[in-house]
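Taking it in order: structure first as structure tokens, then the write-up.
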Amino acid sequence: MDALLPFQFPFKDKEWGQKFVVLALLTLAMTAFFALAIVFSNTTPIFAIILVSVLVILGLFPLCIVLGYLLGIVRRVADDEPIALPYWEAWDELIARGAGLLLVITIYNIPLILSIVTLIFVPRFLGNTNFAGWASLLMLCCVLPFVFILSVLGWLCLAVGAGKYAKGGGLSLFFHPEELIRSAFAVGGMSAQWAMLVMIYNIVFTIMLLIPCIGWTFYGAFLIPAHGHLLGQYTKFVNKATPTTDKKVPSKARRGASQRPAPKSPRPLGSSSRRK
């Protein structure tokens with residue numbers, strides 16, 4: 001996998017500037033809303049509940065859009081299309097598909113979310129006692145390793161599933177973990193490489209958030225394209241390792257099937273017929 005190409009490919013597009021501006025604004029707005037929600041969570045309880053709820057809802061809207069845009073990049077990279085940055089169109093599909101991916105991400109990360117919440121609130125509930133300290137240490141030593149393993153397996157399932165979902169698949173494909181894990185293990189070396197690069201990317205983007213102006217611009221413009229292109233590369237390896245084989249259908253079955261209208265499936269993101 002090429003670790004630098006995700007930061008270079010957008011400039012092959014003549015309209016990269018326009019696409020970057022919209023993407024950066026959405027990414028920075030999403031991050032700002034969530035950051036403000038964290039800041040105001042330390043205020044008075046009633047005020048915090050109201051304000052944090054509003055800020056989280058406002059942040060979820062651009063998050064769904066950029067996740068939908070990420071799926072478009074994944075599909076284009078996996079299909080080796082020359083222009084990997086989709087056009088900003090079909091916003092309703094971006095929001096709908098991005099919201100679906102966000103729902104699955106939330107479900108897959110429930111163990112991690114519960115463990116973090118437990119580590120935060122259990123010591124506060126037990127107070128400043130020796131038992132609270134031993135309980136926290138027990139959770140760190142015994143619970144977190146299992147949560148870490150589940151999170152890694154979950155993110156591999158999400159990576160494999162996102163590649164299929166970007167091609168127009170339904171959300172149901174994410175709930176067949178045995179198939180997703182089998183596909184991820186079929187390219188075990190690439191799966192490990194993808195996971196390592198994702199961790200490195202996240203560290204880099206976290207550092208960029210601490211640098212005003214230039215760092216924020218880099219973060220807003222490259223967060224989604226970099227992760228999208230890297231996931232698209234990974235999807236290509238997965239597709240090569242687990243090719244789909246079309247079974248031959250008897251002629252009578254074909255004649256019977258031709259009389260029925262084909263079921264509608266979601267159009268792959270970034271594949272609009274209006275623009276090439």
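Residues in the structure tokens are numbered from 1 in each chain, the chains being A, B, ... in the order shown, and ligands are numbered from 1 in the order shown.
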
Just want the 8 Å neighbourhood of Leu60 (chain A), counted on only C-alpha atoms, with same-chain residues fewer than 4 positions away dropped. Output as a list in words. Met30, Val56 and Cys64 of chain A

Store the residues picked out above in a file with N, CA and C atoms, as a CSV table (one decimal), in the first residue's frame.
```
chain,number,residue,atom,x,y,z
A,30,MET,N,-17.7,20.2,11.4
A,30,MET,CA,-18.0,19.0,12.2
A,30,MET,C,-17.1,19.0,13.5
A,56,VAL,N,-24.1,18.5,19.3
A,56,VAL,CA,-23.9,17.2,18.7
A,56,VAL,C,-24.7,17.0,17.5
A,64,CYS,N,-22.2,13.1,8.5
A,64,CYS,CA,-22.8,12.2,7.6
A,64,CYS,C,-22.5,12.6,6.2
```

Can you pull out the residues contacting region 146-159 of chain A? Cut-off 9 Å, using only C-alpha atoms, and skip same-chain residues under 2 positions away; I want them as a list in words.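 Within the cut-off, the hits are Leu101, Val104, Ile105, Tyr108, Asn109, Pro111, Leu112, Ser115, Cys142, Val143, Leu144, Gly161, Ala162, Gly163, Phe174, His176, Pro177, Glu178, Glu179, Leu180, Ile181, Ser183, Ala184, Ser191, Ala195, Leu231, Tyr234 and Thr235 of chain A.
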
Among the residues of region 5-131 of chain A, find those DSSP assigns to helix (DSSP H, G or I) from the backbone and print them as number ranges by chain. A: 5-7, 9-12, 16-40, 45-78, 91-108, 110-126, 130-131

Write out the residues from the selection above, keeping C-alpha atoms, as a compact mmCIF listing (two decimals), in the first residue's frame.
```txt
# COMPACT_ATOMS: atom_id res chain seq x y z
CA LEU A 5 -0.36 8.64 -2.54
CA PRO A 6 -3.44 9.53 -0.41
CA PHE A 7 -1.92 13.01 0.03
CA PHE A 9 -3.90 12.02 -5.68
CA PRO A 10 -6.29 15.00 -5.24
CA PHE A 11 -3.98 17.28 -7.22
CA LYS A 12 -4.48 15.17 -10.35
CA TRP A 16 -9.34 19.98 -6.69
CA GLY A 17 -9.48 23.52 -5.24
CA GLN A 18 -13.28 23.79 -5.34
CA LYS A 19 -13.74 20.30 -3.90
CA PHE A 20 -11.20 20.93 -1.15
CA VAL A 21 -12.87 24.16 -0.04
CA VAL A 22 -16.27 22.49 0.50
CA LEU A 23 -14.69 19.44 2.15
CA ALA A 24 -12.50 21.51 4.47
CA LEU A 25 -15.42 23.67 5.59
CA LEU A 26 -17.57 20.63 6.36
CA THR A 27 -14.78 18.78 8.19
CA LEU A 28 -13.80 21.82 10.28
CA ALA A 29 -17.44 22.60 11.09
CA MET A 30 -18.00 19.02 12.24
CA THR A 31 -14.88 19.12 14.42
CA ALA A 32 -15.74 22.54 15.87
CA PHE A 33 -19.27 21.47 16.88
CA PHE A 34 -18.02 18.33 18.63
CA ALA A 35 -15.19 20.25 20.35
CA LEU A 36 -17.64 22.86 21.65
CA ALA A 37 -19.90 20.06 22.91
CA ILE A 38 -16.99 18.71 24.97
CA VAL A 39 -16.17 22.18 26.33
CA PHE A 40 -19.74 22.96 27.38
CA PRO A 45 -26.14 20.05 34.24
CA ILE A 46 -29.35 21.41 32.69
CA PHE A 47 -27.56 23.95 30.48
CA ALA A 48 -24.97 21.32 29.45
CA ILE A 49 -27.62 18.78 28.41
CA ILE A 50 -29.45 21.29 26.22
CA LEU A 51 -26.41 22.92 24.63
CA VAL A 52 -24.40 19.73 24.16
CA SER A 53 -27.38 18.01 22.52
CA VAL A 54 -27.78 20.87 20.05
CA LEU A 55 -24.06 20.97 19.23
CA VAL A 56 -23.87 17.19 18.74
CA ILE A 57 -26.86 17.26 16.36
CA LEU A 58 -25.28 20.11 14.40
CA GLY A 59 -22.03 18.15 14.20
CA LEU A 60 -23.70 14.95 13.01
CA PHE A 61 -25.06 16.64 9.89
CA PRO A 62 -21.67 17.50 8.28
CA LEU A 63 -20.28 14.20 9.61
CA CYS A 64 -22.83 12.23 7.59
CA ILE A 65 -22.00 14.28 4.49
CA VAL A 66 -18.23 13.74 4.71
CA LEU A 67 -18.71 10.02 5.43
CA GLY A 68 -20.82 9.77 2.28
CA TYR A 69 -18.09 11.61 0.38
CA LEU A 70 -15.49 9.20 1.79
CA LEU A 71 -17.49 6.28 0.39
CA GLY A 72 -17.41 7.94 -3.02
CA ILE A 73 -13.60 8.17 -2.85
CA VAL A 74 -13.35 4.53 -1.77
CA ARG A 75 -15.42 3.36 -4.74
CA ARG A 76 -13.48 5.42 -7.28
CA VAL A 77 -10.08 4.30 -5.99
CA ALA A 78 -11.16 0.66 -5.87
CA TRP A 91 -26.33 15.54 -1.46
CA ASP A 92 -29.32 13.49 -0.35
CA GLU A 93 -27.46 10.28 -1.19
CA LEU A 94 -24.32 11.53 0.56
CA ILE A 95 -26.29 12.16 3.74
CA ALA A 96 -28.28 8.91 3.56
CA ARG A 97 -25.30 6.63 2.87
CA GLY A 98 -23.10 8.52 5.32
CA ALA A 99 -25.75 8.21 8.03
CA GLY A 100 -25.93 4.47 7.40
CA LEU A 101 -22.17 4.13 7.76
CA LEU A 102 -22.23 6.25 10.93
CA LEU A 103 -24.90 3.99 12.42
CA VAL A 104 -22.80 0.89 11.76
CA ILE A 105 -19.65 2.54 13.15
CA THR A 106 -21.55 3.38 16.34
CA ILE A 107 -22.85 -0.18 16.72
CA TYR A 108 -19.41 -1.70 16.14
CA ILE A 110 -20.37 -0.01 21.52
CA PRO A 111 -17.83 -2.11 23.56
CA LEU A 112 -15.24 0.67 23.31
CA ILE A 113 -17.78 3.38 24.20
CA LEU A 114 -19.07 1.42 27.21
CA SER A 115 -15.55 0.75 28.48
CA ILE A 116 -14.59 4.44 28.23
CA VAL A 117 -17.78 5.53 29.98
CA THR A 118 -17.19 2.94 32.70
CA LEU A 119 -13.60 4.07 33.28
CA ILE A 120 -14.77 7.68 33.59
CA PHE A 121 -17.80 7.26 35.83
CA VAL A 122 -16.98 4.26 38.05
CA PRO A 123 -14.18 6.08 39.96
CA ARG A 124 -16.45 9.10 40.40
CA PHE A 125 -19.26 6.91 41.67
CA LEU A 126 -17.05 5.01 44.14
CA ASN A 130 -8.83 2.31 47.71
CA PHE A 131 -11.59 0.16 46.27
```

Hey, can you check how far CA of Pro225 (chain A) sits from CA of Asp2 (chain A)? 13.8 Å

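Counting only C-alpha atoms, the residue from A:His227, A:Lys164, A:Lys236, A:Arg182 that sits nearest to Asn202 (chain A) is A:His227.
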